[in-house]
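Peer 1: Input: one structure, supplied below.
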Amino acid sequence: MKALIVDDTPDVCMILERRLTHMGLDVTTADNGALGLTYAVRDRPQLIIVDWMMPGMDGPTLCQHIRKEPTLQSSYVLMLTAQAGTEATAEALDAGADEFLTKPLDDRELSARIRAGLRIATLNSDLADRNATLSAKIVELEVALATISTLEGLLPICAQCKNIRREDRTWEPIECYVMKHSTAQFTHSLCEPCLSMLYPTLYPAEVHQR
C-alpha cells in the first residue's frame, strides 16, 4: 500500500516516514501542498497525511482539492496540526479530512490512527471496485436486453398464412412470435378490404373506395 506525507517540517516528515515504512508502506513525501497534490494524483495513495500549516497551499485547501479528484475518493486523509479544539476539528473535517490529530504526536496514537485509516481505505477501495464491476454488469445486461428485444436476421414466414416457422419446424402466428422475441404488443382489428370481403352486405367495397 502507498502513503503520502505532505509536511514542510523535515523532522516531522522523517518521523512519519520512518513509522510508515516500518508498517510496510511505500512512502512518498512532499514539502508543500501543490507538490503533494501532484504526487497524490500520480500515485493514488491509500493514506495521505497532511500538515495544516504550510506555505502556499495549506492543509485544508489541499484536502479540498484531493476530494475533487475522482481517483482519490477512497484515499484516507489524516490531518496534523498544532491547533486544538472543536472549531479546528470541524474545519479539518469539513475540508475533507477523515481524521484529525494534534501535535506533538503520540507514537501509539499515531500508529493506531494509521492502522484504522488503512483498514477504512481498503474497504473504500474494495467498495469502489465492486461498484465499478456492478456498473459494468448493468451495462452488459442493458445491451443484452436491447438485443433480445430486437428481431434480427431472416424469418421463415409462410407466403399464404403469414405464420412463422420455429426452430423445431412447427409454425405459429406471426404476432405470437413477435411478442415472444420483442417487447412489441398487438391489438387486433379488421382493415377495410377484409371487412368488405367478410361482411359484404354491411361493408360494401364501394363504401371504402369513396
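Each chain in the C-alpha cells gets a letter, A, B and so on, in the order shown; residues start at 1 in every chain, and ligands are counted from 1 in the order they appear.
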As a ChimeraX atom specification, please: the residues near segment 105-120 of chain A (cut-off 10 Å, only C-alpha atoms, same-chain neighbours under 6 positions excluded).
Peer 2: /A:1-3,12,15-16,19-20,23,46-49,74-78,80-82,98-99,126
Peer 1: What would the file look like if the residues just selected were written as an mmCIF file, in the first residue's frame with C-alpha atoms?
Peer 2:
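So the final result, stored in selection-v6.cif, reads:
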```cif
data_model
loop_
_atom_site.group_PDB
_atom_site.id
_atom_site.type_symbol
_atom_site.label_atom_id
_atom_site.label_comp_id
_atom_site.auth_asym_id
_atom_site.auth_seq_id
_atom_site.Cartn_x
_atom_site.Cartn_y
_atom_site.Cartn_z
ATOM 1 C CA MET A 1 0.000 0.000 0.000
ATOM 2 C CA LYS A 2 1.098 3.554 -0.699
ATOM 3 C CA ALA A 3 1.276 6.511 1.660
ATOM 4 C CA VAL A 12 8.095 15.546 11.207
ATOM 5 C CA ILE A 15 9.420 10.595 11.890
ATOM 6 C CA LEU A 16 6.300 9.852 9.869
ATOM 7 C CA ARG A 19 6.863 4.935 11.117
ATOM 8 C CA LEU A 20 5.008 4.233 7.852
ATOM 9 C CA MET A 23 4.498 -0.627 8.925
ATOM 10 C CA GLN A 46 -4.354 4.775 0.145
ATOM 11 C CA LEU A 47 -3.152 7.002 3.023
ATOM 12 C CA ILE A 48 -2.410 10.731 2.851
ATOM 13 C CA ILE A 49 -1.048 12.578 5.898
ATOM 14 C CA SER A 74 -11.166 6.140 -1.489
ATOM 15 C CA SER A 75 -7.954 7.656 -0.045
ATOM 16 C CA TYR A 76 -7.875 8.166 3.719
ATOM 17 C CA VAL A 77 -6.709 11.650 4.720
ATOM 18 C CA LEU A 78 -5.212 12.297 8.152
ATOM 19 C CA LEU A 80 -1.970 17.067 11.530
ATOM 20 C CA THR A 81 -1.969 20.412 13.314
ATOM 21 C CA ALA A 82 -0.778 22.184 16.415
ATOM 22 C CA ASP A 98 -11.142 11.762 7.530
ATOM 23 C CA GLU A 99 -9.224 12.134 10.800
ATOM 24 C CA ASP A 126 -12.957 -2.653 -2.377
#
```
Peer 1: Which of these, A:Leu134, A:Met54, A:Leu190, A:Val41, has the shortest distance to Thr71 of chain A once you count only C-alpha atoms?
Peer 2: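 So, comparing all the options, the nearest one is A:Val41.
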Peer 1: Let's see if you can do this: from backbone DSSP, list all alpha helix (DSSP H) residues in chain A, as a PyMOL selection string.
Peer 2: chain A and resi 10-22+33-43+59-68+86-95+107-148+174-181+192-198+205-209
Peer 1: If you measure from atom CA of Pro104 of chain A to atom CA of Leu72 of chain A, what distance in Å do you get, rounded to one decimal?
Peer 2: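 Between atom CA of Pro104 of chain A and atom CA of Leu72 of chain A the gap works out to 27.7 Å.
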Peer 1: Which residues come within 12 Å of segment 26-31 of chain A, counting only C-alpha atoms, excluding same-chain residues fewer than 3 positions away, as a PyMOL selection string?
Peer 2: chain A and resi 1-23+34-40+42-59
Peer 1: Produce a file of the selected residues containing C-alpha atoms, as a short mmCIF file (atom, residue, chain, number, x, y, z; two decimals), in the first residue's frame.
Peer 2:
```
data_model
loop_
_atom_site.label_atom_id
_atom_site.label_comp_id
_atom_site.auth_asym_id
_atom_site.auth_seq_id
_atom_site.Cartn_x
_atom_site.Cartn_y
_atom_site.Cartn_z
CA MET A 1 0.00 0.00 0.00
CA LYS A 2 1.10 3.55 -0.70
CA ALA A 3 1.28 6.51 1.66
CA LEU A 4 1.91 10.20 1.01
CA ILE A 5 3.23 12.66 3.62
CA VAL A 6 2.73 16.37 2.91
CA ASP A 7 4.56 18.44 5.55
CA ASP A 8 7.06 21.31 5.34
CA THR A 9 8.82 20.31 8.59
CA PRO A 10 11.71 17.93 7.80
CA ASP A 11 11.81 16.39 11.29
CA VAL A 12 8.10 15.55 11.21
CA CYS A 13 8.43 14.09 7.71
CA MET A 14 11.31 11.92 8.84
CA ILE A 15 9.42 10.59 11.89
CA LEU A 16 6.30 9.85 9.87
CA GLU A 17 8.21 8.27 7.01
CA ARG A 18 10.09 6.01 9.42
CA ARG A 19 6.86 4.94 11.12
CA LEU A 20 5.01 4.23 7.85
CA THR A 21 7.95 2.39 6.30
CA HIS A 22 8.19 0.24 9.44
CA MET A 23 4.50 -0.63 8.93
CA ALA A 34 0.96 21.88 -4.58
CA LEU A 35 3.63 19.19 -4.89
CA GLY A 36 1.62 16.95 -2.58
CA LEU A 37 -1.43 17.23 -4.82
CA THR A 38 0.69 16.34 -7.87
CA TYR A 39 2.06 13.24 -6.12
CA ALA A 40 -1.40 12.26 -4.86
CA ARG A 42 0.04 10.49 -9.79
CA ASP A 43 0.36 7.73 -7.18
CA ARG A 44 -3.20 7.45 -5.78
CA PRO A 45 -2.01 6.53 -2.26
CA GLN A 46 -4.35 4.78 0.14
CA LEU A 47 -3.15 7.00 3.02
CA ILE A 48 -2.41 10.73 2.85
CA ILE A 49 -1.05 12.58 5.90
CA VAL A 50 -1.35 16.36 5.56
CA ASP A 51 0.03 19.15 7.73
CA TRP A 52 -2.32 22.08 8.34
CA MET A 53 0.15 24.99 8.20
CA MET A 54 2.21 25.06 5.01
CA PRO A 55 3.39 27.88 2.73
CA GLY A 56 1.30 28.40 -0.38
CA MET A 57 -1.42 25.75 -0.29
CA ASP A 58 -2.32 24.86 3.30
CA GLY A 59 -3.72 21.56 4.55
#
```
Peer 1: May I ask for the distance between atom CA of Asn32 of chain A and atom CA of Lys103 of chain A, given in Å to one decimal place?
Peer 2: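 Computed distance, atom CA of Asn32 of chain A to atom CA of Lys103 of chain A, equals 18.2 Å.
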Peer 1: What are the DSSP strand (DSSP E) residues of segment 20-209 of chain A, as a PyMOL selection string?
Peer 2: chain A and resi 26-30+47-51+76-81+99-102+164-165+171-172
Peer 1: Store the residues picked out above, limited to C-alpha atoms, as a short mmCIF file (atom, residue, chain, number, x, y, z; two decimals), in the first residue's frame.
Peer 2:
```
data_model
loop_
_atom_site.label_atom_id
_atom_site.label_comp_id
_atom_site.auth_asym_id
_atom_site.auth_seq_id
_atom_site.Cartn_x
_atom_site.Cartn_y
_atom_site.Cartn_z
CA ASP A 26 5.60 2.57 0.21
CA VAL A 27 6.10 6.20 1.30
CA THR A 28 6.40 9.40 -0.73
CA THR A 29 6.97 12.84 0.84
CA ALA A 30 6.26 16.39 -0.32
CA LEU A 47 -3.15 7.00 3.02
CA ILE A 48 -2.41 10.73 2.85
CA ILE A 49 -1.05 12.58 5.90
CA VAL A 50 -1.35 16.36 5.56
CA ASP A 51 0.03 19.15 7.73
CA TYR A 76 -7.88 8.17 3.72
CA VAL A 77 -6.71 11.65 4.72
CA LEU A 78 -5.21 12.30 8.15
CA MET A 79 -4.60 15.95 9.00
CA LEU A 80 -1.97 17.07 11.53
CA THR A 81 -1.97 20.41 13.31
CA GLU A 99 -9.22 12.13 10.80
CA PHE A 100 -7.63 14.90 12.82
CA LEU A 101 -4.52 14.56 15.02
CA THR A 102 -2.86 17.29 17.09
CA ILE A 164 -43.57 -18.10 -38.67
CA ARG A 165 -41.63 -21.37 -38.66
CA TRP A 171 -45.49 -22.98 -37.09
CA GLU A 172 -47.08 -20.22 -35.05
#
```
Peer 1: Any idea what the distance is between atom CA of Val178 of chain A and atom CA of Arg166 of chain A?
Peer 2: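 Here the two named atoms are 11.6 Å from each other.
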